[in-house]
Amino acid sequence: MTSTSEQPVLVAAAAGEPEVNPYLLGVYAPVGEELDASELEVIGKIPADLNGVYLRNGPNPRFAPEGRYHWFDGDGMIHAVHLENGKARYRNRWIRTKAFEAESEAGKALWKGVMESPKSNPFGNSHGLNVKDSANTDLIFHRGKVLSTWYMCGEPYAVDPLSLETLGAEDFLGTLVGDMMAHPKVDERTGEMFWFDYGPRPPYLRYGVISADGRVASTTEIELPGPRLPHDMAITENYAILMDLPLVQDREAARNGRHKLVFDRSLPSRFGVLPRYGNGSQIRWFEASPCYIYHVVNAWEQGEEIVLDVCRVQRPHDQLAAPAADARTPLAKMLSYLRLDASPHRYRFNLRTGQCLEDQLDDDNTEFPSVDSRVVGGRNRFSYAVHISPDSTLKFDGLVCYDNRAGAKTEYRFGPGRWGSEAPFAPRDGAAADSADGYLVTFVQDEREGRSELDIFDAADLAAGPVARVLLPQRVPLGFHATWVRADQLEPSGSR
């Protein structure tokens, strides 16, 4: 094992804050070392036909935060396990964003988080929103690199999928003007990537396509009635689907340089469908009941309809506009806001009649969905998600597999005091797409034992529990999104 030790993270609450922030403690507490470790202990046996790398992003503040800390504020850190020929190697690295480098040079935090006024912050994103772009949210593999993105629009940072070296802010050969949202979509069949960019001033939404050669091939402005907070999008074989949801930026707060969200239940949810390379004048809007959507499962074309599966927040008026009755302080409001209450939901947009139909697919609280990355934009049989714990903070207490063809659901719970991460599908070497012939891979943190592990599940027999548990050399704090990069996607042949 080798270790690259940086200045240890201080996790104490900011001076003068009377409340203990749980997102700085326990299973969320940041780690202060960057490690490389091989020859990891394995309980069970790593499948020989599972080769690639699992990477998970999340907030990990390097320095004690200035003011009240929000979980979304922490510096992005990637934890990764590379599986090759039945062996496992672990590595973790901070993402060297511009803000991270500035604070490293200063030796202290320079930015205040989203719960504080950002007026004194050094700089922000391209829209003038003066909050810290920490690239701590999602990870997307495209053209040999992993792109690390931010939950509000920021610069996508390119990272080597094995060394985890930050290669710098990705501008796509100098063709990207502005920022990119957290969840762009990659069509592995064409090599294209689809994205949008939003902000507090017109144009409120821009949509674009990165071609297979790595350049911005198309951009267009999408007219909206005001600033919005879209988080995700979808693609099909011929179309892109964008969202205009009634979670809006408070204009008075924005004028004063603050970031504040308001859920306007008088507005419908709108879904915009346009050709992949279309322009804003070609978009068709479909209206549905008011809601909020963090994450898309997938979308596809079926006859004259587009089918969109999402995780729909069931009570956004409770979570986003009127937090729990006991949420009287800013910290308590944040804790209430982070309690997810979402379930699988399906929309059908009829391109001939303009009709929108919607249907709840399951009433369970599941989120952070994924499908086999090779079928994004095409009809999928299987999808996977984490199960949300009823705990007072956001924790994943299990995994769920949905079989669309059979209408079946399979579940697994990690057990008391054990919490997981997003679990992308990792196909068995040479397996057909969307066949469940592969594995689910996830980090699990055991708060009782204070340790973490990588758990590997047979996707076709999730309920049987992990086929292998790889014990990790340090605790992996709970975090956000993950991805699986197959060995055939790695250069030159899956090993470095």
# chains A, B, ... in the order shown; residues from 1 in each chain; ligands from 1
call {"tool": "residues_around", "arguments": {"residues": "region 219-229 of chain A", "least_positions_apart": "4", "cutoff": "6 Å", "atoms": "only C-alpha atoms", "output": "PyMOL selection string"}}
result
chain A and resi 200+204-208+248-249+279-280
call {"tool": "write_last_selection", "arguments": {"atoms": "all heavy atoms", "output": "compact mmCIF listing (two decimals), in the first residue's frame"}}
result
# COMPACT_ATOMS: atom_id res chain seq x y z
N PRO A 200 -29.35 31.60 -14.03
CA PRO A 200 -30.36 32.51 -13.48
C PRO A 200 -30.75 33.65 -14.41
O PRO A 200 -31.67 34.41 -14.11
CB PRO A 200 -29.67 33.05 -12.22
CG PRO A 200 -28.21 33.00 -12.55
CD PRO A 200 -28.02 31.80 -13.42
N TYR A 204 -32.14 30.92 -20.25
CA TYR A 204 -32.25 30.10 -19.06
C TYR A 204 -31.84 28.65 -19.30
O TYR A 204 -31.52 27.94 -18.34
CB TYR A 204 -33.69 30.13 -18.54
CG TYR A 204 -34.14 31.51 -18.10
CD1 TYR A 204 -35.24 32.12 -18.70
CD2 TYR A 204 -33.46 32.20 -17.10
CE1 TYR A 204 -35.66 33.38 -18.30
CE2 TYR A 204 -33.87 33.47 -16.70
CZ TYR A 204 -34.97 34.05 -17.31
OH TYR A 204 -35.38 35.30 -16.91
N LEU A 205 -31.86 28.21 -20.55
CA LEU A 205 -31.51 26.82 -20.85
C LEU A 205 -30.88 26.74 -22.24
O LEU A 205 -31.39 27.33 -23.20
CB LEU A 205 -32.78 25.94 -20.80
CG LEU A 205 -32.59 24.43 -20.96
CD1 LEU A 205 -31.81 23.86 -19.78
CD2 LEU A 205 -33.94 23.74 -21.07
N ARG A 206 -29.76 26.03 -22.31
CA ARG A 206 -29.11 25.73 -23.60
C ARG A 206 -28.94 24.22 -23.69
O ARG A 206 -28.63 23.56 -22.70
CB ARG A 206 -27.74 26.38 -23.72
CG ARG A 206 -27.74 27.89 -23.81
CD ARG A 206 -26.34 28.42 -24.14
NE ARG A 206 -25.32 27.84 -23.29
CZ ARG A 206 -24.14 27.38 -23.72
NH1 ARG A 206 -23.85 27.40 -25.00
NH2 ARG A 206 -23.26 26.89 -22.88
N TYR A 207 -29.12 23.68 -24.87
CA TYR A 207 -28.97 22.25 -25.11
C TYR A 207 -27.92 22.04 -26.19
O TYR A 207 -27.83 22.82 -27.15
CB TYR A 207 -30.31 21.66 -25.54
CG TYR A 207 -30.21 20.35 -26.28
CD1 TYR A 207 -29.88 19.17 -25.60
CD2 TYR A 207 -30.41 20.28 -27.66
CE1 TYR A 207 -29.77 17.96 -26.28
CE2 TYR A 207 -30.31 19.07 -28.34
CZ TYR A 207 -29.98 17.92 -27.65
OH TYR A 207 -29.87 16.73 -28.32
N GLY A 208 -27.11 20.99 -26.03
CA GLY A 208 -26.06 20.77 -27.01
C GLY A 208 -25.68 19.31 -27.17
O GLY A 208 -26.07 18.44 -26.37
N VAL A 248 -38.12 26.40 -8.95
CA VAL A 248 -37.60 27.61 -9.59
C VAL A 248 -36.68 28.35 -8.63
O VAL A 248 -36.75 28.20 -7.41
CB VAL A 248 -38.75 28.53 -10.04
CG1 VAL A 248 -39.66 27.78 -11.01
CG2 VAL A 248 -39.55 29.04 -8.86
N GLN A 249 -35.84 29.17 -9.22
CA GLN A 249 -34.97 30.01 -8.42
C GLN A 249 -35.75 31.23 -7.96
O GLN A 249 -36.47 31.86 -8.74
CB GLN A 249 -33.74 30.45 -9.23
CG GLN A 249 -32.83 29.31 -9.59
CD GLN A 249 -31.51 29.81 -10.15
OE1 GLN A 249 -31.07 30.90 -9.81
NE2 GLN A 249 -30.89 29.03 -11.00
N ASN A 279 -33.31 22.52 -33.06
CA ASN A 279 -33.13 23.83 -32.43
C ASN A 279 -34.33 24.14 -31.56
O ASN A 279 -35.33 23.41 -31.55
CB ASN A 279 -32.91 24.93 -33.48
CG ASN A 279 -34.06 25.01 -34.48
OD1 ASN A 279 -35.21 25.19 -34.09
ND2 ASN A 279 -33.74 24.89 -35.76
N GLY A 280 -34.24 25.23 -30.82
CA GLY A 280 -35.26 25.56 -29.84
C GLY A 280 -36.65 25.71 -30.42
O GLY A 280 -37.65 25.46 -29.74
call {"tool": "residues_around", "arguments": {"residues": "Arg451 (chain A)", "least_positions_apart": "3", "cutoff": "12 Å", "atoms": "only C-alpha atoms", "output": "PyMOL selection string"}}
result
chain A and resi 26-27+417-419+443-448+454+470-478
call {"tool": "atom_distance", "arguments": {"atom1": "CA of His481 (chain A)", "atom2": "CA of Met77 (chain A)"}}
result
11.2 Å
call {"tool": "select_by_dssp", "arguments": {"residues": "region 25-219 of chain A", "states": "strand (DSSP E or B)", "output": "PyMOL selection string"}}
result
chain A and resi 33-37+42-44+52-56+59+66+76-84+87-94+112+139-142+145-148+154+157-159+166-169+180+185-187+192-198+205-210+216-219
call {"tool": "closest_residue", "arguments": {"among": "A:Leu351, A:Val159, A:Leu176, A:Leu338", "to": "Ile388 (chain A)", "atoms": "only C-alpha atoms"}}
result
A:Leu338
call {"tool": "closest_residue", "arguments": {"among": "A:Ala99, A:Val186, A:Leu267, A:Ala299", "to": "Tyr239 (chain A)", "atoms": "only C-alpha atoms"}}
result
A:Ala299
call {"tool": "closest_residue", "arguments": {"among": "A:Pro65, A:Ile95, A:Arg284, A:Ala433", "to": "Leu167 (chain A)", "atoms": "only C-alpha atoms"}}
result
A:Ile95
call {"tool": "closest_atom_pairs", "arguments": {"of": "region 131-183 of chain A", "to": "region 31-39 of chain A", "cutoff": "12 Å", "atoms": "only C-alpha atoms", "output": "tab-separated table"}}
result
residue	atom	partner	partner_atom	distance
A:Leu162	CA	A:Asp36	CA	11.1
A:Ser163	CA	A:Asp36	CA	9.6
A:Leu164	CA	A:Glu34	CA	10.7
A:Glu165	CA	A:Glu34	CA	11.7
call {"tool": "residues_around", "arguments": {"residues": "region 369-382 of chain A", "least_positions_apart": "4", "cutoff": "8 Å", "atoms": "only C-alpha atoms", "output": "NGL selection string"}}
result
:A and (185-189 or 234-237 or 295-301 or 311 or 386 or 401-405 or 422-427 or 433-436)
call {"tool": "write_last_selection", "arguments": {"atoms": "C-alpha atoms", "output": "PDB file, in the first residue's frame"}}
result
ATOM      1  CA  LYS A 185     -26.075  11.349 -21.519  1.00  0.00           C
ATOM      2  CA  VAL A 186     -23.733   9.242 -23.667  1.00  0.00           C
ATOM      3  CA  ASP A 187     -24.983   7.102 -26.532  1.00  0.00           C
ATOM      4  CA  GLU A 188     -22.364   4.361 -26.731  1.00  0.00           C
ATOM      5  CA  ARG A 189     -23.720   3.250 -30.117  1.00  0.00           C
ATOM      6  CA  ALA A 234     -32.998  11.800 -21.436  1.00  0.00           C
ATOM      7  CA  ILE A 235     -32.308  10.680 -24.991  1.00  0.00           C
ATOM      8  CA  THR A 236     -33.891   8.228 -27.397  1.00  0.00           C
ATOM      9  CA  GLU A 237     -32.672   7.046 -30.795  1.00  0.00           C
ATOM     10  CA  HIS A 295     -32.832  11.375 -12.004  1.00  0.00           C
ATOM     11  CA  VAL A 296     -33.891   9.708 -15.226  1.00  0.00           C
ATOM     12  CA  VAL A 297     -33.903   5.918 -15.529  1.00  0.00           C
ATOM     13  CA  ASN A 298     -34.043   5.769 -19.336  1.00  0.00           C
ATOM     14  CA  ALA A 299     -36.171   6.668 -22.373  1.00  0.00           C
ATOM     15  CA  TRP A 300     -36.973   5.040 -25.706  1.00  0.00           C
ATOM     16  CA  GLU A 301     -39.250   5.244 -28.732  1.00  0.00           C
ATOM     17  CA  CYS A 311     -37.602   8.626 -10.216  1.00  0.00           C
ATOM     18  CA  VAL A 386     -30.823   2.021  -4.470  1.00  0.00           C
ATOM     19  CA  CYS A 401     -33.668  -4.655  -9.609  1.00  0.00           C
ATOM     20  CA  TYR A 402     -36.709  -4.010 -11.828  1.00  0.00           C
ATOM     21  CA  ASP A 403     -37.594  -6.370 -14.682  1.00  0.00           C
ATOM     22  CA  ASN A 404     -39.811  -4.398 -17.082  1.00  0.00           C
ATOM     23  CA  ARG A 405     -40.745  -7.412 -19.190  1.00  0.00           C
ATOM     24  CA  GLU A 422     -25.043   3.831  -6.372  1.00  0.00           C
ATOM     25  CA  ALA A 423     -24.630   0.421  -8.007  1.00  0.00           C
ATOM     26  CA  PRO A 424     -24.190   0.541 -11.793  1.00  0.00           C
ATOM     27  CA  PHE A 425     -24.590  -2.592 -13.890  1.00  0.00           C
ATOM     28  CA  ALA A 426     -21.242  -4.188 -14.826  1.00  0.00           C
ATOM     29  CA  PRO A 427     -21.704  -6.677 -17.691  1.00  0.00           C
ATOM     30  CA  ALA A 433     -26.512  -5.799 -23.752  1.00  0.00           C
ATOM     31  CA  ASP A 434     -29.424  -5.527 -21.273  1.00  0.00           C
ATOM     32  CA  SER A 435     -29.334  -9.234 -20.480  1.00  0.00           C
ATOM     33  CA  ALA A 436     -28.757  -9.142 -16.687  1.00  0.00           C
TER      34      ALA A 436
END
call {"tool": "residues_around", "arguments": {"residues": "Ser289 (chain A)", "least_positions_apart": "5", "cutoff": "9 Å", "atoms": "only C-alpha atoms", "output": "ChimeraX atom specification"}}
result
/A:267-270,358
call {"tool": "write_last_selection", "arguments": {"atoms": "N, CA and C atoms", "output": "compact mmCIF listing (two decimals), in the first residue's frame"}}
result
# COMPACT_ATOMS: atom_id res chain seq x y z
N LEU A 267 -47.66 25.61 -11.11
CA LEU A 267 -47.13 25.36 -12.45
C LEU A 267 -47.15 23.87 -12.75
N PRO A 268 -47.39 23.49 -13.99
CA PRO A 268 -47.29 22.07 -14.36
C PRO A 268 -45.84 21.68 -14.56
N SER A 269 -45.60 20.39 -14.59
CA SER A 269 -44.32 19.89 -15.08
C SER A 269 -44.40 19.84 -16.60
N ARG A 270 -43.33 20.28 -17.26
CA ARG A 270 -43.31 20.26 -18.72
C ARG A 270 -42.09 19.47 -19.20
N GLU A 358 -49.21 9.48 -17.61
CA GLU A 358 -48.23 9.18 -16.59
C GLU A 358 -48.77 8.11 -15.64
call {"tool": "residues_around", "arguments": {"residues": "region 40-44 of chain A", "least_positions_apart": "6", "cutoff": "10 Å", "atoms": "only C-alpha atoms", "output": "list in words"}}
result
Met1, Gly86, Lys87, Ala88, Arg89, Tyr90, Glu453, Leu454, Asp455, Ile456, Pro466, Val467, Ala468, Arg469, Val470, Leu471, Leu472 and Pro473 of chain A
call {"tool": "closest_residue", "arguments": {"among": "A:Asn57, A:Asn51, A:Ser117, A:Thr366", "to": "Ile140 (chain A)", "atoms": "only C-alpha atoms"}}
result
A:Asn57
call {"tool": "closest_residue", "arguments": {"among": "A:Leu274, A:Leu340, A:Ala64, A:Ala463", "to": "Gly398 (chain A)", "atoms": "only C-alpha atoms"}}
result
A:Ala463
call {"tool": "decode", "arguments": {"residues": "region 404-419 of chain A", "atoms": "N, CA and C atoms", "output": "PDB file, in the first residue's frame"}}
result
ATOM      1  N   ASN A 404     -38.666  -5.001 -16.403  1.00  0.00           N
ATOM      2  CA  ASN A 404     -39.811  -4.398 -17.082  1.00  0.00           C
ATOM      3  C   ASN A 404     -40.645  -5.416 -17.840  1.00  0.00           C
ATOM      4  N   ARG A 405     -40.012  -6.435 -18.394  1.00  0.00           N
ATOM      5  CA  ARG A 405     -40.745  -7.412 -19.190  1.00  0.00           C
ATOM      6  C   ARG A 405     -41.624  -8.288 -18.296  1.00  0.00           C
ATOM      7  N   ALA A 406     -41.062  -8.738 -17.184  1.00  0.00           N
ATOM      8  CA  ALA A 406     -41.804  -9.622 -16.288  1.00  0.00           C
ATOM      9  C   ALA A 406     -42.648  -8.856 -15.270  1.00  0.00           C
ATOM     10  N   GLY A 407     -42.426  -7.558 -15.151  1.00  0.00           N
ATOM     11  CA  GLY A 407     -43.130  -6.783 -14.133  1.00  0.00           C
ATOM     12  C   GLY A 407     -42.738  -7.189 -12.726  1.00  0.00           C
ATOM     13  N   ALA A 408     -41.480  -7.592 -12.552  1.00  0.00           N
ATOM     14  CA  ALA A 408     -41.014  -8.130 -11.268  1.00  0.00           C
ATOM     15  C   ALA A 408     -39.994  -7.199 -10.629  1.00  0.00           C
ATOM     16  N   LYS A 409     -39.854  -7.330  -9.323  1.00  0.00           N
ATOM     17  CA  LYS A 409     -38.878  -6.549  -8.556  1.00  0.00           C
ATOM     18  C   LYS A 409     -38.139  -7.490  -7.620  1.00  0.00           C
ATOM     19  N   THR A 410     -36.803  -7.370  -7.604  1.00  0.00           N
ATOM     20  CA  THR A 410     -35.961  -8.143  -6.694  1.00  0.00           C
ATOM     21  C   THR A 410     -35.205  -7.176  -5.798  1.00  0.00           C
ATOM     22  N   GLU A 411     -35.089  -7.496  -4.509  1.00  0.00           N
ATOM     23  CA  GLU A 411     -34.470  -6.570  -3.559  1.00  0.00           C
ATOM     24  C   GLU A 411     -33.409  -7.263  -2.713  1.00  0.00           C
ATOM     25  N   TYR A 412     -32.512  -6.428  -2.192  1.00  0.00           N
ATOM     26  CA  TYR A 412     -31.526  -6.898  -1.213  1.00  0.00           C
ATOM     27  C   TYR A 412     -31.276  -5.754  -0.236  1.00  0.00           C
ATOM     28  N   ARG A 413     -31.251  -6.055   1.052  1.00  0.00           N
ATOM     29  CA  ARG A 413     -30.928  -5.060   2.077  1.00  0.00           C
ATOM     30  C   ARG A 413     -29.544  -5.364   2.647  1.00  0.00           C
ATOM     31  N   PHE A 414     -28.783  -4.312   2.859  1.00  0.00           N
ATOM     32  CA  PHE A 414     -27.408  -4.475   3.334  1.00  0.00           C
ATOM     33  C   PHE A 414     -27.326  -4.955   4.780  1.00  0.00           C
ATOM     34  N   GLY A 415     -28.317  -4.633   5.579  1.00  0.00           N
ATOM     35  CA  GLY A 415     -28.314  -5.034   6.975  1.00  0.00           C
ATOM     36  C   GLY A 415     -28.124  -3.849   7.897  1.00  0.00           C
ATOM     37  N   PRO A 416     -28.375  -4.023   9.201  1.00  0.00           N
ATOM     38  CA  PRO A 416     -28.306  -2.912  10.164  1.00  0.00           C
ATOM     39  C   PRO A 416     -26.945  -2.225  10.147  1.00  0.00           C
ATOM     40  N   GLY A 417     -26.973  -0.897  10.073  1.00  0.00           N
ATOM     41  CA  GLY A 417     -25.741  -0.117  10.140  1.00  0.00           C
ATOM     42  C   GLY A 417     -24.861  -0.223   8.916  1.00  0.00           C
ATOM     43  N   ARG A 418     -25.375  -0.770   7.818  1.00  0.00           N
ATOM     44  CA  ARG A 418     -24.599  -0.913   6.582  1.00  0.00           C
ATOM     45  C   ARG A 418     -25.283  -0.103   5.481  1.00  0.00           C
ATOM     46  N   TRP A 419     -24.479   0.756   4.831  1.00  0.00           N
ATOM     47  CA  TRP A 419     -25.046   1.706   3.868  1.00  0.00           C
ATOM     48  C   TRP A 419     -24.263   1.631   2.564  1.00  0.00           C
TER      49      TRP A 419
END
